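To keep things clear, I will list the structure first and then write my remarks on it.
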Amino acid sequence: MATSKEEGNDEVEEECWGLPDDFNIHATHQVKTVYYPQKHDNDNISHSFQIECIEPDSPLDINNKSQSSSEYDATGHCVWTGAFLLIQCVHELEDWIANNNNKQMKRMIEFGSGTGIGGLAMVLAGSKSTTTTSSSPSYICFTDNDPAALKVCERNCKLNNLCETKYSIEELTWGDEYNIDKDSACDIALATDVLYDVDLIKPLFTTVSQCLPLDGIFILSHIPRACYNQNNPAEAQEDLEQYIIDQAVKYNLHLETIIRPPKEGNFDQTILDWCPESAFLGGGILIFRRK
């Protein structure tokens with residue numbers, strides 16, 4: 001906790017979130033509750049977890065640099081629409097993994113974890129359920145190239161009482177050589193809302209392909225908002241999702257299926273408290289298999 005300040009006769013303690021000084025001026029850092037959609041209509045139990053985060057001004061405010069006098073990138077402190085697409089569709093995703101994975105999923109790695117909301121949603125979905133599914137990972141490695149974001153991720157793991165033997169947190173830059181021990185290889189990789197720049201596709205897929213064994217699964221929860229640069233390839237500007245799918249093949253990642261957002265009126269209200277239905281337009285959870 002930060003040093004306290006006095007207001008009249010009362011002492012009020014301010015929490016220190018570890019952000020740069022100039023960003024603290026503008027950001028509202030808080031702990032919020034994230035609810036899972038009910039799996040069954042007769043399910044009267046609200047499953048949830050908590051996440052420490054800040055909210056971006058808008059989906060296009062990807063770097064929040066307009067609010068800061070420094071070059072500090074607060075992307076990893078925010079939660080993005082792709083994570084809520086994952087949470088909205090988590091039960092459908094669990095069912096797909098359980099029915100299409102040749103072996104029980106044990107280990108997961110998340111790329112661009114930021115706050116850890118995506119990975120935590122997957123790990124905790126099983127623990128919050130009344131049944132144990134083979135689609136719930138028993139171990140997860142959270143990765144990001146921003147050490148400050150990884151500190152937030154660490155706090156979120158502790159906030160949700162994640163057992164310290166069930167996760168690790170690593171700094172990782174996509175595209176760098178990444179050697180992984182076969183005994184600690186991951187069965188499944190996850191990334192949510194990370195391709196906000198077309199130039200990130202190559203380094204991301206390079207690292208995903210290095211980390212996954214043959215038959216491994218890569219889940220990409222994607223919201224199309226990258227093609228605003230006239231220098232982007234024409235194919236990407238015309239159909240970003242198809243461009244991503246085509247590029248993935250170059251890294252031996254082949255599309256298995258796409259899970260789409262619910263039809264209008266079928267979103268869970270707790271998800272709409274975070275994002276309007278329009279925010280999910282054109283989005284999808286792309287599931288690839290390494291072959």
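As shown in the structure tokens, the chain order sets the letters A, B, ...; within each chain, residues go from 1, and ligands are also counted from 1 in the order they appear.
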Checklist entry - Near Arg155 in chain A, within 10 Å and counting only C-alpha atoms, which residues show up once chain neighbours fewer than 5 positions away are dropped, as a PyMOL selection string? => result chain A and resi 17+51-52+115-116+149-150+160-161
List the neighbours of Glu110 in chain A out to 10 Å using only C-alpha atoms; skip same-chain residues closer than 2 positions along the sequence, and give me the result as a PDB file with C-alpha atoms, in the first residue's frame.
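Saved file selection14.pdb follows:
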```pdb
ATOM      1  CA  MET A 108      -1.451 -24.232 -21.752  1.00  0.00           C
ATOM      2  CA  GLY A 112       0.263 -11.511 -24.840  1.00  0.00           C
ATOM      3  CA  SER A 113      -1.313 -12.317 -21.491  1.00  0.00           C
ATOM      4  CA  GLY A 114      -1.500  -8.752 -20.197  1.00  0.00           C
ATOM      5  CA  GLY A 116      -4.032 -12.692 -17.614  1.00  0.00           C
ATOM      6  CA  GLY A 118      -7.884 -14.950 -21.026  1.00  0.00           C
ATOM      7  CA  GLY A 119      -5.767 -17.641 -19.438  1.00  0.00           C
ATOM      8  CA  LEU A 120      -7.456 -17.237 -16.079  1.00  0.00           C
ATOM      9  CA  ILE A 140      -0.654 -22.496 -17.567  1.00  0.00           C
ATOM     10  CA  CYS A 141       2.327 -20.379 -18.526  1.00  0.00           C
ATOM     11  CA  PHE A 142       1.445 -16.682 -18.885  1.00  0.00           C
ATOM     12  CA  THR A 143       3.752 -14.748 -21.222  1.00  0.00           C
ATOM     13  CA  ASP A 144       4.068 -11.120 -22.298  1.00  0.00           C
ATOM     14  CA  ILE A 169       4.906 -16.210 -15.657  1.00  0.00           C
ATOM     15  CA  CYS A 186       2.289 -27.187 -23.991  1.00  0.00           C
ATOM     16  CA  ILE A 188      -2.533 -25.793 -26.276  1.00  0.00           C
ATOM     17  CA  ALA A 189      -1.710 -22.137 -26.920  1.00  0.00           C
ATOM     18  CA  LEU A 190      -3.997 -19.151 -26.369  1.00  0.00           C
ATOM     19  CA  ALA A 191      -4.032 -15.537 -27.488  1.00  0.00           C
ATOM     20  CA  THR A 192      -6.868 -13.022 -27.146  1.00  0.00           C
ATOM     21  CA  VAL A 208       3.329 -20.317 -31.533  1.00  0.00           C
ATOM     22  CA  PHE A 218      -3.815 -22.779 -30.970  1.00  0.00           C
ATOM     23  CA  ILE A 219      -6.844 -20.717 -29.903  1.00  0.00           C
TER      24      ILE A 219
END
```
Checklist entry - Can you list, as a PyMOL selection string, every residue of range 107-244 of chain A that DSSP puts in alpha helix (DSSP H)? => result chain A and resi 117-128+147-159+201-211+234-238+240-244
Next on the checklist: Please list as a list in words every residue within 10 Å of Phe205 in chain A, counting only C-alpha atoms and excluding residues in the same chain fewer than 6 positions away.
Outcome noted: Trp174, Gly175, Cys211, Phe218, Ile244, Gln247, Ala248, Val249, Lys250, Tyr251, Asn252 and Leu253 of chain A
